[in-house]
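*Asks:* Sharing a structure with you now.
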Amino acid sequence: MYRFLLTPRWVALHVVVLLVIPAFVFLGRWQFGRFEERSANSERVTANIEAEPVPLDRLAPPGRAVREEDRYRLVTATGSYDTANALVVRRRPQEGRPGFYVLTPLVTGEGKAVLVNRGWVKAGAHADAPPEVQAPPAGQVNVTGRLRLSETEESSGIRERAGLPPGQVLLINAQKIGKALPYQLVDGFVELTAQEPSAAGAPEPVPAPDVGSGGGLNLAYGVQWWLFIAVAIGGWLLLIRREVADRKAAASTPTPVEA
């Protein structure tokens with residue numbers, strides 16, 4: 001009764017099912033892995049944002065790269081802004097509006113400084129036009145902000161290019177920017193959340209990161225892929241049962257006798 005399972009058509013179906021099942025297993029496990037990774041990242045970022053601020057030097061002294069586990073950790077620093085070496089960062093939309101980030105070094109001591117992203121300003125009349133940037137407070141400033149890693153093409157998705165107008169960059173990369181500065185930079189930057197004294201007419205603050213659902217969609221996709229395994233096996237068995245039933249029905253139907 002089941003010899004039909006060895007026919008070429010059915011053998012092809014068996015092969016397809018046997019290939020599909022491990023593929024769905026792999027895709028499901030990959031999605032579950034992404035869920036765990038994103039959930040851990042979401043928890044770490046949330047904890048860093050909610051933690052009490054700590055001095056910048058405790059986490060990232062000049063010349064040392066900001067660690068991944070300290071990303072978005074609130075830090076404090078005291079110094080004076082070096083407006084002579086301020087930059088603006090291109091291609092930084094905020095709330096759907098084109099604009100720039102305002103990047104100003106904060107000199108925190110003899111021969112050391114940190115880049116501070118003071119916030120967002122709208123773009124000028126055209127891409128190469130310098131935006132209108134409000135000046136930071138003069139003199140000593142106490143800064144609080146989110147600690148960020150230096151940007152790269154891989155981490156940001158933004159491609160570097162030459163020929164930018166003076167004072168403009170595409171990436172906040174402390175190592176590259178620091179080559180033109182007379183002091184040593186922290187290998188990372190601070191995203192400003194508060195400063196004392198405050199400045200009138202300051203750039204718009206950069207919103208806190210959206211930690212999202214912590215990979216909830218990945219969990220749903222993983223379950224979905226594994227449900228597809230049950231669908232594939234169930235459909236395969238259903239087709240076999242239907243074929244068996246059809247063959248039994250055909251075998252039990254009497255052959256008409258010719259008159």
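Chain lettering (A, B, ...) mirrors the order of the structure tokens, residue numbering begins at 1 for each chain separately, and ligand numbering begins at 1 in order of display.
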Which of range 4-240 of chain A end up as helix (DSSP H, G or I) when DSSP is run on this backbone - answer as a VMD selection string?

*Replies:* chain A and resid 4 to 6 8 to 50 56 to 59 68 to 70 83 to 85 153 to 156 174 to 178 216 to 240

*Asks:* Do you know which residues are at most 7 Å from Trp120 in chain A counting only C-alpha atoms, after dropping those on the same chain fewer than 4 positions away, and could you put them as a list of chain:residue names?

*Replies:*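 The residues satisfying every condition are A:Gly99, A:Phe100, A:Tyr101, A:Val102, A:Pro203, A:Glu204, A:Pro205, A:Val206.
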
*Asks:* Selection from above, N, CA and C atoms, as an mmCIF file, in the first residue's frame, can you write it?

*Replies:*
```
data_model
loop_
_atom_site.group_PDB
_atom_site.id
_atom_site.type_symbol
_atom_site.label_atom_id
_atom_site.label_comp_id
_atom_site.auth_asym_id
_atom_site.auth_seq_id
_atom_site.Cartn_x
_atom_site.Cartn_y
_atom_site.Cartn_z
ATOM 1 N N GLY A 99 19.266 67.922 9.523
ATOM 2 C CA GLY A 99 20.040 68.831 10.349
ATOM 3 C C GLY A 99 21.410 68.302 10.692
ATOM 4 N N PHE A 100 22.014 68.924 11.687
ATOM 5 C CA PHE A 100 23.378 68.633 12.107
ATOM 6 C C PHE A 100 23.412 68.423 13.620
ATOM 7 N N TYR A 101 24.395 67.639 14.072
ATOM 8 C CA TYR A 101 24.752 67.626 15.476
ATOM 9 C C TYR A 101 25.862 68.657 15.684
ATOM 10 N N VAL A 102 25.856 69.277 16.859
ATOM 11 C CA VAL A 102 26.867 70.274 17.201
ATOM 12 C C VAL A 102 27.878 69.613 18.130
ATOM 13 N N PRO A 203 21.291 74.253 21.292
ATOM 14 C CA PRO A 203 20.760 73.271 20.338
ATOM 15 C C PRO A 203 19.744 72.345 20.998
ATOM 16 N N GLU A 204 18.872 71.765 20.193
ATOM 17 C CA GLU A 204 17.873 70.839 20.729
ATOM 18 C C GLU A 204 18.560 69.584 21.268
ATOM 19 N N PRO A 205 18.164 69.110 22.440
ATOM 20 C CA PRO A 205 18.781 67.888 22.982
ATOM 21 C C PRO A 205 18.544 66.687 22.069
ATOM 22 N N VAL A 206 19.500 65.777 22.066
ATOM 23 C CA VAL A 206 19.339 64.518 21.341
ATOM 24 C C VAL A 206 18.475 63.591 22.188
#
```

*Asks:* So that I can check the surroundings of Ala230 in chain A, please list as number ranges by chain every protein, DNA and RNA residue that reaches within 12 Å of it, counting only C-alpha atoms and ignoring chain neighbours fewer than 4 positions away.

*Replies:* A: 17, 20-21, 24-25, 223-226, 234-238

*Asks:* Dump all heavy atoms for the selected residues as a short mmCIF file (atom, residue, chain, number, x, y, z; two decimals), in the first residue's frame?

*Replies:*
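As a result, again-v8.cif now contains:
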```cif
data_model
loop_
_atom_site.label_atom_id
_atom_site.label_comp_id
_atom_site.auth_asym_id
_atom_site.auth_seq_id
_atom_site.Cartn_x
_atom_site.Cartn_y
_atom_site.Cartn_z
N VAL A 17 10.87 18.26 2.17
CA VAL A 17 10.51 18.35 3.59
C VAL A 17 11.75 18.20 4.47
O VAL A 17 11.94 18.94 5.44
CB VAL A 17 9.45 17.29 3.96
CG1 VAL A 17 9.21 17.26 5.47
CG2 VAL A 17 8.13 17.57 3.22
N VAL A 20 13.68 21.43 4.31
CA VAL A 20 12.98 22.57 4.90
C VAL A 20 13.06 22.54 6.43
O VAL A 20 13.28 23.58 7.07
CB VAL A 20 11.51 22.61 4.44
CG1 VAL A 20 10.66 23.46 5.36
CG2 VAL A 20 11.42 23.14 3.01
N ILE A 21 12.91 21.35 7.03
CA ILE A 21 12.87 21.26 8.49
C ILE A 21 14.15 21.79 9.13
O ILE A 21 14.08 22.66 10.02
CB ILE A 21 12.57 19.81 8.93
CG1 ILE A 21 11.11 19.46 8.58
CG2 ILE A 21 12.82 19.64 10.42
CD1 ILE A 21 10.76 18.01 8.84
N PHE A 24 14.31 25.59 8.84
CA PHE A 24 13.43 26.29 9.77
C PHE A 24 13.98 26.23 11.19
O PHE A 24 13.84 27.19 11.97
CB PHE A 24 12.02 25.70 9.72
CG PHE A 24 11.26 26.04 8.47
CD1 PHE A 24 10.03 25.45 8.20
CD2 PHE A 24 11.76 26.94 7.54
CE1 PHE A 24 9.32 25.76 7.05
CE2 PHE A 24 11.06 27.26 6.39
CZ PHE A 24 9.83 26.67 6.14
N VAL A 25 14.59 25.10 11.56
CA VAL A 25 15.22 24.99 12.88
C VAL A 25 16.32 26.04 13.03
O VAL A 25 16.41 26.75 14.04
CB VAL A 25 15.78 23.58 13.11
CG1 VAL A 25 16.65 23.55 14.37
CG2 VAL A 25 14.65 22.56 13.23
N VAL A 223 9.41 31.76 17.17
CA VAL A 223 8.27 30.86 17.37
C VAL A 223 7.60 30.57 16.04
O VAL A 223 7.19 29.43 15.76
CB VAL A 223 7.27 31.49 18.36
CG1 VAL A 223 5.99 30.67 18.43
CG2 VAL A 223 7.90 31.60 19.75
N GLN A 224 7.49 31.59 15.19
CA GLN A 224 6.84 31.42 13.88
C GLN A 224 7.59 30.40 13.03
O GLN A 224 6.97 29.52 12.40
CB GLN A 224 6.79 32.77 13.17
CG GLN A 224 6.07 32.75 11.83
CD GLN A 224 6.08 34.12 11.18
OE1 GLN A 224 7.10 34.79 11.12
NE2 GLN A 224 4.92 34.55 10.70
N TRP A 225 8.93 30.50 12.98
CA TRP A 225 9.70 29.55 12.18
C TRP A 225 9.52 28.13 12.69
O TRP A 225 9.42 27.19 11.90
CB TRP A 225 11.19 29.92 12.20
CG TRP A 225 11.54 31.07 11.29
CD1 TRP A 225 12.05 32.27 11.64
CD2 TRP A 225 11.41 31.09 9.86
NE1 TRP A 225 12.24 33.05 10.53
CE2 TRP A 225 11.87 32.36 9.43
CE3 TRP A 225 10.96 30.17 8.91
CZ2 TRP A 225 11.87 32.72 8.09
CZ3 TRP A 225 10.96 30.54 7.57
CH2 TRP A 225 11.41 31.80 7.17
N TRP A 226 9.46 27.96 14.00
CA TRP A 226 9.31 26.61 14.53
C TRP A 226 7.88 26.09 14.34
O TRP A 226 7.67 24.89 14.23
CB TRP A 226 9.73 26.57 16.00
CG TRP A 226 11.24 26.57 16.11
CD1 TRP A 226 12.15 26.90 15.15
CD2 TRP A 226 12.01 26.18 17.25
NE1 TRP A 226 13.42 26.77 15.60
CE2 TRP A 226 13.38 26.33 16.89
CE3 TRP A 226 11.69 25.75 18.53
CZ2 TRP A 226 14.42 26.04 17.77
CZ3 TRP A 226 12.74 25.47 19.41
CH2 TRP A 226 14.08 25.61 19.04
N GLY A 234 3.09 18.32 9.38
CA GLY A 234 1.67 18.01 9.33
C GLY A 234 1.15 17.94 7.91
O GLY A 234 0.36 17.04 7.56
N GLY A 235 1.58 18.87 7.06
CA GLY A 235 1.15 18.84 5.65
C GLY A 235 1.66 17.61 4.93
O GLY A 235 0.94 17.01 4.12
N TRP A 236 2.89 17.23 5.22
CA TRP A 236 3.49 16.04 4.60
C TRP A 236 2.70 14.79 4.98
O TRP A 236 2.32 13.99 4.12
CB TRP A 236 4.94 15.96 5.06
CG TRP A 236 5.73 14.78 4.60
CD1 TRP A 236 5.89 14.34 3.32
CD2 TRP A 236 6.49 13.90 5.42
NE1 TRP A 236 6.71 13.24 3.29
CE2 TRP A 236 7.10 12.95 4.56
CE3 TRP A 236 6.74 13.83 6.79
CZ2 TRP A 236 7.91 11.93 5.05
CZ3 TRP A 236 7.57 12.82 7.26
CH2 TRP A 236 8.14 11.89 6.41
N LEU A 237 2.41 14.64 6.29
CA LEU A 237 1.64 13.47 6.74
C LEU A 237 0.22 13.48 6.18
O LEU A 237 -0.34 12.42 5.83
CB LEU A 237 1.60 13.43 8.27
CG LEU A 237 2.95 13.20 8.97
CD1 LEU A 237 2.79 13.31 10.47
CD2 LEU A 237 3.53 11.84 8.58
N LEU A 238 -0.37 14.67 6.07
CA LEU A 238 -1.72 14.78 5.54
C LEU A 238 -1.78 14.33 4.08
O LEU A 238 -2.72 13.62 3.67
CB LEU A 238 -2.22 16.22 5.67
CG LEU A 238 -3.64 16.51 5.17
CD1 LEU A 238 -4.65 15.70 5.98
CD2 LEU A 238 -3.94 17.99 5.26
#
```

*Asks:* Using only C-alpha atoms for the distances, tell me which of A:Ile172, A:Ala86, A:Ala232, A:Leu147 is nearest to Asp70 in chain A.

*Replies:*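 Using only C-alpha atoms, the shortest distance to Asp70 in chain A belongs to A:Leu147.
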
*Asks:* Pick out the closest residue to Val45 in chain A from this set: A:Ala23, A:Leu74, A:Leu87, A:Leu18. Count only C-alpha atoms.

*Replies:* A:Leu74
